[in-house]
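Enquirer: Here you go, this is upload.cif (mmCIF, C-alpha atoms).
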data_model
loop_
_atom_site.label_atom_id
_atom_site.label_comp_id
_atom_site.auth_asym_id
_atom_site.auth_seq_id
_atom_site.Cartn_x
_atom_site.Cartn_y
_atom_site.Cartn_z
CA MET W 144 11.39 -69.10 -11.74
CA THR W 145 9.34 -68.35 -8.72
CA LYS W 146 6.57 -65.81 -8.54
CA ARG W 147 7.14 -63.15 -5.92
CA THR W 148 4.27 -62.34 -3.65
CA ARG W 149 3.66 -59.57 -1.18
CA ASN W 150 4.96 -61.66 1.65
CA HIS W 151 8.19 -62.47 -0.09
CA PRO W 152 11.12 -60.60 1.61
CA GLU W 153 12.46 -59.18 -1.65
CA ALA W 154 9.02 -57.94 -2.72
CA ARG W 155 8.56 -55.58 0.21
CA ALA W 156 9.14 -51.87 -0.54
CA THR W 157 11.91 -50.19 1.37
CA ALA W 158 12.08 -46.49 2.27
CA ALA W 159 14.59 -45.95 -0.55
CA ASP W 160 12.25 -47.53 -3.11
CA GLY W 161 9.26 -45.35 -2.21
CA GLY W 162 8.37 -41.90 -3.55
CA PHE W 163 7.54 -38.72 -1.71
CA SER W 164 5.17 -38.91 1.20
CA LEU W 165 2.18 -36.60 1.32
CA VAL W 166 3.70 -34.62 4.21
CA GLU W 167 6.92 -34.00 2.26
CA LEU W 168 4.89 -32.84 -0.72
CA VAL W 169 2.82 -30.39 1.35
CA ILE W 170 5.93 -28.95 3.03
CA ALA W 171 7.63 -28.51 -0.35
CA LEU W 172 4.56 -26.71 -1.74
CA ILE W 173 4.44 -24.37 1.28
CA ILE W 174 8.12 -23.49 0.86
CA LEU W 175 7.62 -22.90 -2.87
CA THR W 176 4.56 -20.71 -2.23
CA VAL W 177 6.42 -18.55 0.30
CA GLY W 178 9.30 -18.11 -2.17
CA VAL W 179 7.03 -17.15 -5.06
CA LEU W 180 5.08 -14.65 -2.93
CA GLY W 181 8.35 -13.11 -1.73
CA MET W 182 9.52 -12.69 -5.31
CA ALA W 183 6.19 -11.09 -6.28
CA GLY W 184 6.54 -8.53 -3.47
CA THR W 185 10.11 -7.80 -4.47
CA THR W 186 9.09 -7.33 -8.09
CA ALA W 187 6.61 -4.59 -7.13
CA LEU W 188 9.34 -2.77 -5.18
CA VAL W 189 11.80 -3.05 -8.07
CA VAL W 190 9.24 -1.67 -10.55
CA ARG W 191 8.55 1.29 -8.23
CA GLN W 192 12.26 2.04 -7.81
CA VAL W 193 12.92 1.85 -11.57
CA THR W 194 10.02 4.23 -12.23
CA LEU W 195 11.37 6.71 -9.67
CA ALA W 196 14.84 6.45 -11.19
CA ASP W 197 13.44 7.18 -14.66
CA VAL W 198 11.59 10.25 -13.39
CA ASN W 199 14.68 11.50 -11.56
CA THR W 200 16.75 11.06 -14.72
CA GLU W 201 14.24 13.07 -16.78
CA ARG W 202 14.16 15.76 -14.06
CA ALA W 203 17.96 16.02 -14.07
CA ALA W 204 18.02 16.25 -17.88
CA ALA W 205 15.46 19.09 -17.83
CA LEU W 206 17.49 20.95 -15.20
CA GLN W 207 20.71 20.39 -17.16
CA THR W 208 19.09 21.82 -20.30
CA ALA W 209 18.02 24.95 -18.40
CA VAL W 210 21.48 25.36 -16.85
CA GLU W 211 23.11 25.08 -20.28
CA ARG W 212 20.69 27.67 -21.67
CA VAL W 213 21.58 30.09 -18.84
CA ARG W 214 25.30 29.43 -19.27
CA SER W 215 25.13 30.07 -23.02
CA THR W 216 23.53 33.49 -22.49
CA PRO W 217 26.00 36.41 -22.33
CA TYR W 218 26.55 37.80 -18.83
CA THR W 219 24.94 41.17 -19.61
CA SER W 220 21.84 39.54 -21.17
CA GLN W 221 21.00 37.11 -18.39
CA ALA W 222 17.43 37.54 -17.15
CA ALA W 223 14.63 35.52 -15.60
CA GLY W 224 12.96 32.92 -17.77
CA ASN W 225 11.48 29.47 -18.01
CA ILE W 226 11.52 26.39 -20.20
CA THR W 227 9.22 23.36 -20.43
CA ILE W 228 10.79 20.02 -21.26
CA GLY W 229 8.43 17.06 -21.32
CA ALA W 230 6.51 16.99 -18.05
CA PHE W 231 8.90 19.41 -16.33
CA THR W 232 8.93 23.18 -16.13
CA VAL W 233 12.16 24.90 -15.09
CA THR W 234 11.85 28.54 -14.00
CA TRP W 235 14.82 30.71 -13.11
CA THR W 236 15.32 34.09 -11.50
CA VAL W 237 18.44 36.26 -11.62
CA SER W 238 19.74 38.39 -8.75
CA ASP W 239 22.34 41.00 -9.71
CA SER W 240 25.39 41.84 -7.64
CA THR W 241 28.42 43.93 -8.47
CA THR W 242 30.71 40.96 -9.12
CA TYR W 243 28.33 38.08 -9.91
CA LYS W 244 24.78 37.03 -10.73
CA ALA W 245 23.01 34.55 -8.47
CA ILE W 246 20.62 32.37 -10.43
CA ARG W 247 17.93 30.27 -8.77
CA LEU W 248 16.40 27.49 -10.86
CA ILE W 249 13.18 25.77 -9.74
CA THR W 250 12.17 22.49 -11.39
CA ASN W 251 8.48 21.59 -11.14
CA GLY W 252 6.98 18.28 -12.27
CA PRO W 253 6.60 14.65 -11.27
CA GLY W 254 9.10 13.37 -8.76
CA LEU W 255 9.83 11.78 -5.42
CA ARG W 256 7.61 13.19 -2.69
CA LYS W 257 9.43 14.26 0.45
CA ASP W 258 6.95 12.74 2.92
CA THR W 259 8.48 11.92 6.26
CA ALA W 260 5.52 9.68 7.14
CA ALA W 261 5.78 7.56 3.98
CA VAL W 262 7.35 4.15 4.52
CA VAL W 263 8.08 3.53 0.83
CA PRO W 264 9.09 6.17 -1.73
CA THR W 265 6.09 7.53 -3.62
CA LEU W 266 5.72 9.46 -6.84
CA GLY W 267 4.13 12.92 -6.67
CA ASN W 268 2.64 14.89 -9.57
CA SER W 269 3.91 18.35 -8.67
CA VAL W 270 7.26 18.26 -6.88
CA GLN W 271 9.64 21.24 -6.75
CA ASP W 272 13.42 21.16 -6.57
CA THR W 273 15.67 24.20 -6.26
CA PHE W 274 19.12 24.59 -7.74
CA ARG W 275 21.30 27.67 -7.24
CA MET W 276 24.25 28.75 -9.30
CA ILE W 277 26.52 31.78 -9.45
CA VAL W 278 27.84 33.30 -12.67
CA LEU W 279 30.92 35.45 -12.18
CA ARG W 280 31.41 38.70 -14.05
CA PRO W 281 33.95 38.21 -16.87
#
Would you write the structure of this file as structure tokens?

Expert:
Amino acid sequence: MTKRTRNHPEARATAADGGFSLVELVIALIILTVGVLGMAGTTALVVRQVTLADVNTERAAALQTAVERVRSTPYTSQAAGNITIGAFTVTWTVSDSTTYKAIRLITNGPGLRKDTAAVVPTLGNSVQDTFRMIVLRP
């Protein structure tokens, strides 16, 4: 058996035998860093959108409760009123006509601000939405 030395042709390292070079390692770390930072930015946007969706769902549930209360009231007894459900207050007014009653419901509470200058959707503390319905005379 012969001892292989550095000068021996079989002892020399080939490109396939070597590991990663320092340049390859730095490039891989840069690509990984850009990917992780992109995911972090996306996560913040997703959290904001989920929060807005939760608030909109609660707002719709409060409005639906008020609409059901108005609908369950007899036609002759319908009058202005309000109800507070969680962080939302729903106020309604009734306008009488000869053949119907026009009811205007205003929901006030946290919600999506309607800023035209805002680039991303933002949550406001006191946002109003209006819903109108007509109840026909029986």

Enquirer: Report as a list in words the residues that result from applying the PyMOL selection byres ((chain W and resi 271-278) around 9) to the structure here.

Expert: Leu206, Val210, Arg214, Tyr218, Thr242, Tyr243, Lys244, Ala245, Ile246, Arg247, Leu248, Ile249, Thr250, Asn251, Gly252, Pro253, Gly254, Ser269, Val270, Leu279, Arg280 and Pro281 of chain W

Enquirer: Quick one: distance from atom CA of Thr265 of chain W to atom CA of Ala204 of chain W in Å, one decimal?

Expert: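 Computed distance, atom CA of Thr265 of chain W to atom CA of Ala204 of chain W, equals 20.5 Å.
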
Enquirer: Between atom CA of Phe231 of chain W and atom CA of Ala209 of chain W, what is the spacing in Å?

Expert: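 These atoms are spaced 10.9 Å apart.
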
Enquirer: To one decimal place, how far is atom CA of Thr194 of chain W from atom CA of Gly267 of chain W in Å?

Expert: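 Distance between the two atoms: 11.9 Å.
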
Enquirer: So what does the PyMOL selection byres ((chain W and resi 212) around 12) actually pick up in this one, as a short mmCIF file (atom, residue, chain, number, x, y, z; two decimals) with C-alpha atoms, keeping the file's coordinate frame?

Expert:
data_model
loop_
_atom_site.label_atom_id
_atom_site.label_comp_id
_atom_site.auth_asym_id
_atom_site.auth_seq_id
_atom_site.Cartn_x
_atom_site.Cartn_y
_atom_site.Cartn_z
CA ALA W 205 15.46 19.09 -17.83
CA LEU W 206 17.49 20.95 -15.20
CA GLN W 207 20.71 20.39 -17.16
CA THR W 208 19.09 21.82 -20.30
CA ALA W 209 18.02 24.95 -18.40
CA VAL W 210 21.48 25.36 -16.85
CA GLU W 211 23.11 25.08 -20.28
CA VAL W 213 21.58 30.09 -18.84
CA ARG W 214 25.30 29.43 -19.27
CA SER W 215 25.13 30.07 -23.02
CA THR W 216 23.53 33.49 -22.49
CA PRO W 217 26.00 36.41 -22.33
CA SER W 220 21.84 39.54 -21.17
CA GLN W 221 21.00 37.11 -18.39
CA ALA W 222 17.43 37.54 -17.15
CA ALA W 223 14.63 35.52 -15.60
CA GLY W 224 12.96 32.92 -17.77
CA ASN W 225 11.48 29.47 -18.01
CA ILE W 226 11.52 26.39 -20.20
CA VAL W 233 12.16 24.90 -15.09
CA THR W 234 11.85 28.54 -14.00
CA TRP W 235 14.82 30.71 -13.11
CA LEU W 248 16.40 27.49 -10.86
#

Enquirer: Using only C-alpha atoms, find the one residue out of W:Leu165, W:Ala187, W:Val198, W:Leu255 that sits nearest to Gly229 of chain W.

Expert: W:Val198

Enquirer: With 3 Å on each side, where is the centre of the axis-aligned box around all listed atoms of segment 170-178 of chain W, and how long are its edges in Å to one decimal, as JSON?

Expert:
{"center_x": 6.9, "center_y": -23.5, "center_z": 0.1, "size_x": 10.9, "size_y": 16.8, "size_z": 11.9}
